[in-house]
Every structure is written in structure tokens, then in C-alpha cells.
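Colleague: Sending over a structure as C-alpha cells; questions will come in a sec.
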Amino acid sequence: MRGLVMVNTGDGKGKSTAAMGQIVRAVGAGMNVLMIQFLKGDWKAAEIEGLKHLPGFELRRFGLGFVMPRRRTHPIEAHQARVVDAWAQTVLEVASDHWDLIVLDEINVVLSNPELNCVLPTDDVLKLLADRPPRLHMILTGRRAPAEIIVAADMVTEMVMVKHHYTAGVAAQRGIEF
């Protein structure tokens, strides 16, 4: 089996959700799956609660939430430290050869953000993708995937927002957005 690199990117909703659908499929096929969340905070997302019940699935959350300056609740140095920790864990787990699929949730946002890319350069990610065990599948999610990541990937899906209920003032709803 040849491991694939898959990228879910774009401004539309559903990048992480699509990765979670792939997680369900992989676990259903008897695979061991790890999801490392680089940026999302520890809010109670319903899909995470559901995934926790799957045998063969493990989640590691490192994020502190929003990184955008207007919405940031932690200093950028705290976010940077979490990215460094998440990457160190990623490198260890890829080298372990235990997993069949590893999802790096929101890593594309890290790579496209100059305040975070300074602690995790795109070249480091490209090297890991090239050097991973040949059977290991990986999914990289998040907006603004760097061009080099798109070139290195076997499959790229771009989520495009055509219409979104937020623009009509409808708030996020549990079970739909989280």
C-alpha cells in the first residue's frame, strides 16, 4: 500500500469535517488513526466527542484557539510554543510507524501565518512528508495551503464558500458548526 498525502484547504466550511469523515472510514477499515490539532482550542466540539468513541482513533489537541490579532486571547508566543510542541509530537508519531493515517488539523494555517511559520517552516513539513513511512497516509487541513504543500500532495480538495448562513446573522449551532 502506498500512503497518500491529502490536503483539505479553501475558505469554505468543512475542511476538518471532511478529514473526520475520512477518519471514520479508516477506523472502519481497521486502521489506527491519530489527529493532531495545531490551533483549535479545547472547546467541546460534538464531532470530537463522537470520534472519541472509535476504537483505533486518538486525538491530541495543542491549540489555544484563535490566532488572529483581533480575536486572540493568548500572546503569540504561547501559540508559537504550542505549535512547536504539536510539531515535535508529529515528528515522533510519524517515526513510530504505529499509525496508518495521521491528520494534521489546521497545519496549513500555521504554514501560511508568518507569526507561526517562523517556528514551523514549510520546508520542515515537506521533508517530513517525503521521509514518512511509505504506507502512512496523511491529511493536512486548513485555509491557505502553501503552494509547495499543494504540489507535494497526491490529492487536494478546495472548499469554496458559495453561501453561508453566518452572513445572514445566523449564529453557529451545536451539531452543525461544532
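Ordering of the C-alpha cells sets the chain letters (A, B, ...); residue numbers start at 1 within each chain; ligands are numbered from 1 in the order shown.
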Write out as a short mmCIF file (atom, residue, chain, number, x, y, z; two decimals) with N, CA, C and O atoms, in the first residue's frame which residues come within 10 Å of range 162-174 of chain A when counting only C-alpha atoms, dropping same-chain ones fewer than 6 positions away.

Modeller:
```cif
data_model
loop_
_atom_site.label_atom_id
_atom_site.label_comp_id
_atom_site.auth_asym_id
_atom_site.auth_seq_id
_atom_site.Cartn_x
_atom_site.Cartn_y
_atom_site.Cartn_z
N ASP A 11 -11.55 28.52 1.59
CA ASP A 11 -12.26 29.39 2.52
C ASP A 11 -13.62 28.85 2.95
O ASP A 11 -14.27 29.42 3.81
N GLY A 12 -14.05 27.76 2.35
CA GLY A 12 -15.35 27.20 2.69
C GLY A 12 -15.30 26.32 3.94
O GLY A 12 -14.25 25.87 4.37
N LYS A 13 -16.47 26.11 4.50
CA LYS A 13 -16.62 25.27 5.68
C LYS A 13 -16.44 23.81 5.31
O LYS A 13 -16.79 23.39 4.22
N LYS A 44 -15.77 22.28 23.32
CA LYS A 44 -16.47 20.99 23.20
C LYS A 44 -17.10 20.88 21.81
O LYS A 44 -18.24 21.26 21.61
N ALA A 45 -16.35 20.37 20.87
CA ALA A 45 -16.87 20.15 19.53
C ALA A 45 -17.54 18.78 19.49
O ALA A 45 -16.95 17.78 19.87
N ALA A 46 -18.78 18.74 19.01
CA ALA A 46 -19.56 17.50 19.01
C ALA A 46 -18.88 16.40 18.20
O ALA A 46 -18.92 15.23 18.59
N GLU A 47 -18.26 16.77 17.07
CA GLU A 47 -17.63 15.72 16.26
C GLU A 47 -16.47 15.06 16.99
O GLU A 47 -16.24 13.87 16.85
#
```

Colleague: Go through A:Arg25, A:Arg132, A:His98, A:Arg70 and flag the residue nearest Leu51 in chain A, using only C-alpha atoms for the distances.

Modeller: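 For Leu51 in chain A, the nearest of the given residues is A:Arg25.
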
Colleague: I need the residues in chain A that are strand (DSSP E or B) according to DSSP; give them as a count of residues only.

Modeller: 29

Colleague: Give me, as a count of residues only, the residues of range 99-171 of chain A that a backbone DSSP run labels helix (DSSP H, G or I).

Modeller: 30

Colleague: Identify, on the basis of only C-alpha atoms, every residue whose closest approach to Val7 in chain A does not exceed 8 Å; exclude the query and any residue fewer than 5 positions from it along the same chain; express the result as a list in words.

Modeller: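 Result of the neighbour search: Ile139, Leu140, Thr141, Ala145, Ile150, Ala153, Met155, Val156 and Thr157 of chain A.
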
Colleague: Residues within 7 Å of Arg61 in chain A, please, as a PyMOL selection string. Count only C-alpha atoms; anything in the same chain fewer than 2 positions from it doesn't count.

Modeller: chain A and resi 36-38+59+63

Colleague: So, with only C-alpha atoms as the atoms that count, which of A:Ala29, A:Met6, A:Leu64, A:Ala19 lies closest to Val151 in chain A?

Modeller: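 The closest residue to Val151 in chain A is A:Met6.
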
Colleague: Using 8 Å as the limit and counting only C-alpha atoms, can you tabulate each residue of range 137-157 of chain A that touches range 114-129 of chain A, with its shortest atom-to-atom distance in Å and the two atoms involved, as a tab-separated table?

Modeller:
```
residue	atom	partner	partner_atom	distance
A:Pro146	CA	A:Thr122	CA	7.8
A:Glu148	CA	A:Leu126	CA	7.9
A:Ile149	CA	A:Leu126	CA	6.9
A:Ala152	CA	A:Leu126	CA	7.4
```

Colleague: Choose the residue, out of A:Ser16, A:Trp87, A:Gly50, A:Gln80, that has the smallest atom-to-atom separation from Asp105 in chain A; count only C-alpha atoms.

Modeller: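 Between A:Ser16, A:Trp87, A:Gly50, A:Gln80, the residue approaching Asp105 in chain A most closely is A:Ser16.
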
Colleague: Considering only C-alpha atoms, state which residue in the set A:Val5, A:Leu104, A:Leu39, A:Val94 is at the smallest distance from Ala78 in chain A.

Modeller: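 Looking only at the distances to Ala78 in chain A, the closest residue turns out to be A:Leu39.
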
Colleague: For Val33 in chain A, which residue among A:Ala86, A:Val110, A:Leu101, A:Met138 is the nearest when counting only C-alpha atoms?

Modeller: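 Among the listed residues, A:Leu101 lies closest to Val33 in chain A.
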